[in-house]
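Everything on this sheet refers to the single structure shown next.
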Amino acid sequence: YLPDVAMTLNNLALLQKAQNEYGAARGNYEEALQILRELAQENPRTYKPDVAMTLNNLALLQSDQSDQNEYGAALGNYKKDLQILRKLAQENPRTYLPDVALTLNNLATLQKDQNEYGAAQGNYEEALQIRRELAQENPRTYLPDVAMTLINLSIFYVQAKPDPEKSIAMALEALDCLQDFRQIPSLNDYAKVAYQVLAANGVDETGNPLPKET
């Protein structure tokens with residue numbers, strides 16, 4: 001029953017995070033992580049993925065905190081998560097490469113917030129490359145993920161390393177990826193962000209300059 005204890009601790013922590021009960025959520029994630037690490041020592045093939053998932057959840061929680069020490073802890077947990085997932089993906093890329101890309105994306109967002117622009121750019125670009133390759137085999141599943149990373153990069157090239165040409169190109173490509181998903185509300189939200197990025201760069205959805213106010 002210890003695996004079920006860990007799963008329930010994870011679920012409870014997710015709820016507590018949603019209720020802004022950060023201290024309780026962190027404690028439950030850490031207890032789940034301790035259990036899963038002990039299980040993974042005996043059966044790594046079964047429980048290493050759960051260790052990685054819990055590290056990612058804990059890092060997401062820590063990323064939401066304003067304390068500098070929490071940012072450092074989040075960075076460390078993302079890197080541990082990524083190390084596990086890369087090894088798993090070597091054996092089973094179809095299963096674990098999507099998780100590698102997700103963690104790279106999350107890590108890049110944290111690094112961008114910490115002004116570590118070079119590291120953030122590299123991780124966003126690696127996540128995008130993985131997701132493009134996955135989308136070639138299964139576009140219905142992975143094109144929305146491609147669009148999400150494109151939008152993150154388009155924002156990066158507005159806020160962190162201003163490059164209007166790259167920002168516009170990525171926002172337009174994101175909208176193209178989302179064309180067949182407009183019936184899904186959450187993906188409509190992605191499209192809205194892409195339109196906002198284009199407007200911030202002074203162009204419309206065709207890439208043409210917006211009319212100047214008179």
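Within each chain, counting starts at residue 1; across the structure tokens, chains are named A, B, ... in the order shown, with ligands numbered 1 upward in that order.
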| message | Residues near A:Lys212, anyone? I mean within 12 Å using only C-alpha atoms, not counting same-chain ones fewer than 3 positions away, as a PyMOL selection string. | response | chain A and resi 199+202-203+208-209
Take the residues from that selection and put them in a file with C-alpha atoms, as a tab-separated table (two decimals), in the first residue's frame.
```tsv
chain	number	residue	atom	x	y	z
A	199	ALA	CA	-0.03	43.00	-31.06
A	202	GLY	CA	2.79	45.81	-33.79
A	203	VAL	CA	1.42	43.27	-36.30
A	208	ASN	CA	1.09	42.91	-41.43
A	209	PRO	CA	1.59	46.11	-39.41
```
| message | Using only C-alpha atoms, which protein or nucleic acid residues come within 7 Å of A:Ser63? Drop anything in the same chain fewer than 3 positions from it, and give the result as a ChimeraX atom specification. | response | /A:59-60,70-71,74,110
| query | Any idea what's packed within 12 Å of A:Asn123, counting only C-alpha atoms, ignoring anything in its chain fewer than 2 positions away? Could you give it as an MDAnalysis selection string? | reply | chainID A and resid 78:79 82 100:112 116:121 125:130 149 152:153 156
Mind dumping the selected residues with C-alpha atoms as a PDB file, in the first residue's frame?
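Produced file out-v3.pdb, reproduced below:
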```pdb
ATOM      1  CA  TYR A  78      13.724  20.267 -12.049  1.00  0.00           C
ATOM      2  CA  LYS A  79      17.292  19.202 -12.823  1.00  0.00           C
ATOM      3  CA  LEU A  82      15.215  15.921 -15.937  1.00  0.00           C
ATOM      4  CA  VAL A 100      11.437  15.455 -20.942  1.00  0.00           C
ATOM      5  CA  ALA A 101      10.007  18.239 -23.105  1.00  0.00           C
ATOM      6  CA  LEU A 102       7.521  19.278 -20.413  1.00  0.00           C
ATOM      7  CA  THR A 103      10.225  19.517 -17.759  1.00  0.00           C
ATOM      8  CA  LEU A 104      12.528  21.444 -20.102  1.00  0.00           C
ATOM      9  CA  ASN A 105       9.696  23.895 -20.749  1.00  0.00           C
ATOM     10  CA  ASN A 106       8.983  24.340 -17.037  1.00  0.00           C
ATOM     11  CA  LEU A 107      12.682  24.703 -16.225  1.00  0.00           C
ATOM     12  CA  ALA A 108      13.128  27.313 -18.963  1.00  0.00           C
ATOM     13  CA  THR A 109      10.239  29.375 -17.591  1.00  0.00           C
ATOM     14  CA  LEU A 110      11.840  29.365 -14.141  1.00  0.00           C
ATOM     15  CA  GLN A 111      15.215  30.326 -15.587  1.00  0.00           C
ATOM     16  CA  LYS A 112      13.657  33.155 -17.593  1.00  0.00           C
ATOM     17  CA  GLU A 116      19.115  33.225 -16.725  1.00  0.00           C
ATOM     18  CA  TYR A 117      18.292  33.958 -20.347  1.00  0.00           C
ATOM     19  CA  GLY A 118      20.904  31.801 -22.055  1.00  0.00           C
ATOM     20  CA  ALA A 119      19.918  28.663 -20.143  1.00  0.00           C
ATOM     21  CA  ALA A 120      16.213  29.405 -20.613  1.00  0.00           C
ATOM     22  CA  GLN A 121      16.598  29.879 -24.361  1.00  0.00           C
ATOM     23  CA  GLU A 125      14.599  25.325 -27.926  1.00  0.00           C
ATOM     24  CA  GLU A 126      15.339  21.721 -26.907  1.00  0.00           C
ATOM     25  CA  ALA A 127      11.741  21.291 -25.734  1.00  0.00           C
ATOM     26  CA  LEU A 128      10.519  22.683 -29.056  1.00  0.00           C
ATOM     27  CA  GLN A 129      12.744  20.327 -31.042  1.00  0.00           C
ATOM     28  CA  ILE A 130      11.470  17.281 -29.127  1.00  0.00           C
ATOM     29  CA  THR A 149       6.458  26.148 -26.503  1.00  0.00           C
ATOM     30  CA  ASN A 152       6.643  30.706 -24.612  1.00  0.00           C
ATOM     31  CA  LEU A 153       9.522  31.483 -26.965  1.00  0.00           C
ATOM     32  CA  PHE A 156      10.756  35.280 -24.458  1.00  0.00           C
TER      33      PHE A 156
END
```
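Taking only C-alpha atoms into account, A:Arg86 lies nearest to A:Pro49 out of the set A:Asn57, A:Leu143, A:Pro49, A:Asn115.
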